[in-house]
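Here the structure is laid out as C-alpha cells; the discussion comes afterwards.
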Amino acid sequence: MLRTSLLISSSIVRRLVVANTATNVQTSSTLKSEKRPQIKVALCLQRYIHLSPEMTQLEKDYTNLITQLETEHSYLSDHELRHKSELELAKQRQSSATSAAATVNIVETAVDLEDRLAKEFESFQFMSRETEDDKTNNLRSQNRKLDQHLLLVVQRKNSQSGKDEWIFPEKTYDGEPSLRAAVDQIISTCGNIHVQISGNAPLAYYKNDADSSSKKIFFYKGEYLAGAIKQFATLKSAPYKDHAWITHEDVPKYLSPSYYKAVKDMLFVF
C-alpha cells in the first residue's frame, strides 16, 4: 500500500515538472515573439517673437487714456517751462519796449523747435514690420511673422500609409546615455543651429495605437536662437522631404489629429 502511494506521488510530481517546463518554454517563446516598442524622441523647436504684436483698438484707447491722464497730472517738463518763460517775455515786450525783456534775443523759440521737429518726424520712414519672406510667403524661412511665435515642422513619407505627413523632427533612440542626449543629434540633423532645450525631461508623450510598429515618441521643447536650417527639399539624400516654420494657429492644419492632441498642451507660450 505504501509503495503504491509513493509511485502515485512520484508520477504526479513528474507530470507537474513537465507541465511547468512546458509553460516556461511557451512563456519564453511568447515574450521573444512579441515586438518590443520602438522609442523615439522628437523636438518641438520654437522661434520666439522678435516684435511686439500690434495693439488692438481697445489697447490703443486705453493707452491714449493713460497717456492723457499722466500728462494732465505730471509736472511741467523743461521744454514746457521754456515755452512758458518765452510767453512771459513776449508780454513784457508788449507792455514796455524799454524793459529788460526787450534786450533778450531768442534765436529759436520753443514753438519753432516744435515745428522743426514735427517736420523731421513727418519725413522719417519707419521700418516695415513685414520682411521679404512675409511678402513672398516663404514658409521655409524663420525670418517671417516676427510678431508671432513659429514652430518648426518637417515633412516625411509615412511608412505605413505611404502618404506624406508633417511632424516635429524626431530620432529613434539608439542606446544614447539618455533621451536628452538623443535630442542633441536631432539638432545637428536639422542644421547648424543654436538651440536652448527646456529641461532634461520630456514634456509630452505620443503612441499611435493604429500603428503596428508600436513606437512611442517622447517630446522635448527647445528655443531657436540662431543658425540656418538645412534645405531638405533641395538635398538628394535627406531624412525629410521638406520643412516649414508655422504659426500656432496653423499647427492643427499640419499635424494629424492624434499627433496634435498629444502635443497641444506642450505648445503653450508665455
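Chain identifiers are assigned as A, B, and so on, following the order in which chains appear in the C-alpha cells; residues are numbered from 1 within each chain, and ligands are numbered from 1 in order of appearance.
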
Which residues of stretch 192-234 of chain A come within 10 Å of stretch 132-145 of chain A, and what is each one's closest atom pair and distance in Å (one decimal), counting only C-alpha atoms, sorted by chain and residue number, as a tab-separated table?
```
residue	atom	partner	partner_atom	distance
A:Tyr224	CA	A:Gln142	CA	9.5
A:Ala226	CA	A:Gln142	CA	9.9
A:Ala228	CA	A:Gln142	CA	8.9
A:Ile229	CA	A:Ser141	CA	8.5
A:Lys230	CA	A:Arg140	CA	9.7
A:Gln231	CA	A:Arg140	CA	8.0
A:Phe232	CA	A:Arg140	CA	9.9
A:Ala233	CA	A:Arg140	CA	9.8
```

Residue selection dump (C-alpha atoms) as a PDB file, in the first residue's frame:
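The resulting file, part_19.pdb, is reproduced below:
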```pdb
ATOM      1  CA  TYR A 224      15.630  78.539 -31.593  1.00  0.00           C
ATOM      2  CA  ALA A 226      20.382  81.357 -34.282  1.00  0.00           C
ATOM      3  CA  ALA A 228      20.232  78.060 -40.556  1.00  0.00           C
ATOM      4  CA  ILE A 229      18.001  75.041 -41.112  1.00  0.00           C
ATOM      5  CA  LYS A 230      19.016  72.618 -43.844  1.00  0.00           C
ATOM      6  CA  GLN A 231      17.028  72.998 -47.049  1.00  0.00           C
ATOM      7  CA  PHE A 232      15.794  69.401 -47.118  1.00  0.00           C
ATOM      8  CA  ALA A 233      13.787  69.939 -50.294  1.00  0.00           C
TER       9      ALA A 233
END
```

Worksheet item: If you count only C-alpha atoms, which residues fall within 10 Å of A:Gln196, apart from same-chain ones fewer than 4 positions away, as a list in words?
Response: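 Here the qualifying residues turn out to be Leu45, Gln46, Lys221, Gly222, Glu223, Tyr224 and Leu225 of chain A.
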
Store the residues picked out above in a file with N, CA and C atoms, as a tab-separated table (two decimals), in the first residue's frame.
```tsv
chain	number	residue	atom	x	y	z
A	45	LEU	N	10.72	72.64	-31.86
A	45	LEU	CA	11.61	73.80	-31.92
A	45	LEU	C	10.78	75.06	-32.18
A	46	GLN	N	10.92	76.03	-31.31
A	46	GLN	CA	10.10	77.24	-31.39
A	46	GLN	C	10.98	78.49	-31.53
A	221	LYS	N	11.09	70.25	-25.82
A	221	LYS	CA	10.84	71.58	-26.35
A	221	LYS	C	12.12	72.40	-26.30
A	222	GLY	N	12.37	73.16	-27.37
A	222	GLY	CA	13.58	73.96	-27.44
A	222	GLY	C	13.31	75.31	-28.06
A	223	GLU	N	14.16	76.27	-27.72
A	223	GLU	CA	14.06	77.62	-28.27
A	223	GLU	C	15.12	77.83	-29.33
A	224	TYR	N	14.69	78.23	-30.51
A	224	TYR	CA	15.63	78.54	-31.59
A	224	TYR	C	16.31	79.87	-31.29
A	225	LEU	N	17.65	79.87	-31.33
A	225	LEU	CA	18.42	81.07	-31.04
A	225	LEU	C	19.05	81.68	-32.29
```

Practice prompt. One decimal, Å: what's the distance from atom CA of A:His248 over to atom CA of A:Ala262, could you say?
Written response: 14.8 Å

Discussion item. At a cut-off of 9 Å, using only C-alpha atoms, what residues contact A:Ser258? Leave out same-chain residues fewer than 2 positions from it and give the result as a VMD selection string.
Written reply: chain A and resid 206 to 208 255 to 256 260 to 262

Create the file for the chosen residues now, containing C-alpha atoms and written as an mmCIF file, in the first residue's frame.
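So again.cif came out as:
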```cif
data_model
loop_
_atom_site.group_PDB
_atom_site.id
_atom_site.type_symbol
_atom_site.label_atom_id
_atom_site.label_comp_id
_atom_site.auth_asym_id
_atom_site.auth_seq_id
_atom_site.Cartn_x
_atom_site.Cartn_y
_atom_site.Cartn_z
ATOM 1 C CA TYR A 206 2.600 60.008 -28.000
ATOM 2 C CA LYS A 207 1.724 56.488 -29.093
ATOM 3 C CA ASN A 208 -0.358 55.766 -32.153
ATOM 4 C CA LEU A 255 -0.264 67.743 -37.757
ATOM 5 C CA SER A 256 -2.592 64.758 -37.640
ATOM 6 C CA TYR A 260 -1.726 67.268 -32.286
ATOM 7 C CA LYS A 261 -3.783 66.059 -29.329
ATOM 8 C CA ALA A 262 -0.631 64.637 -27.742
#
```

Discussion item. Can you pull out the residues contacting A:Thr189? Cut-off 9 Å, using only C-alpha atoms, and skip same-chain residues under 2 positions away; I want them as an MDAnalysis selection string.
Written reply: chainID A and resid 169 184:187 191:192 230 239

Worksheet entry | atom CA of A:Thr131 to atom CA of A:His194, straight-line distance in Å |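 Distance between the two atoms: 22.3 Å.
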
Practice prompt. Would you mind writing down, as a ChimeraX atom specification, each residue of stretch 62-251 of chain A that DSSP on the backbone assigns to strand (DSSP E or B)?
Written response: /A:150-157,164-167,170-172,191-197,204-207,215-229,242-247

Discussion item. From the options A:Trp245, A:Phe126, A:Phe268, A:Tyr240, which residue's atoms come nearest to A:Leu203, counting only C-alpha atoms?
Written reply: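 Checking each candidate against A:Leu203, we get A:Phe268 as the closest.
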
Practice prompt. Calculate how many Å separate atom CA of A:Ile197 from atom CA of A:Tyr48, rounding to one decimal.
Written response: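 We find that atom CA of A:Ile197 and atom CA of A:Tyr48 lie 13.5 Å from each other.
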
Worksheet entry | Expected answer as a PyMOL selection string: alpha helix (DSSP H) residues in stretch 77-129 of chain A | chain A and resi 78-95+110-123

Hey, could you make a per-residue contact list for stretch 222-249 of chain A against stretch 148-166 of chain A with 6 Å as the cut-off, showing the nearest pair of atoms and its distance in Å to one decimal, counting only C-alpha atoms, sorted by chain and number, as a tab-separated table?
```
residue	atom	partner	partner_atom	distance
A:Tyr240	CA	A:Arg156	CA	5.0
A:Lys241	CA	A:Gln155	CA	5.4
A:Asp242	CA	A:Gln155	CA	5.1
A:His243	CA	A:Val154	CA	4.2
A:Ala244	CA	A:Val153	CA	5.5
A:Trp245	CA	A:Leu152	CA	4.7
A:Ile246	CA	A:Leu150	CA	5.2
A:Thr247	CA	A:Leu150	CA	4.7
```

Worksheet item: Looking at only C-alpha atoms, which of A:Asp61, A:Glu120, A:Glu176, A:Glu170 is the one that sits closest to A:Ser188?
Response: A:Glu170
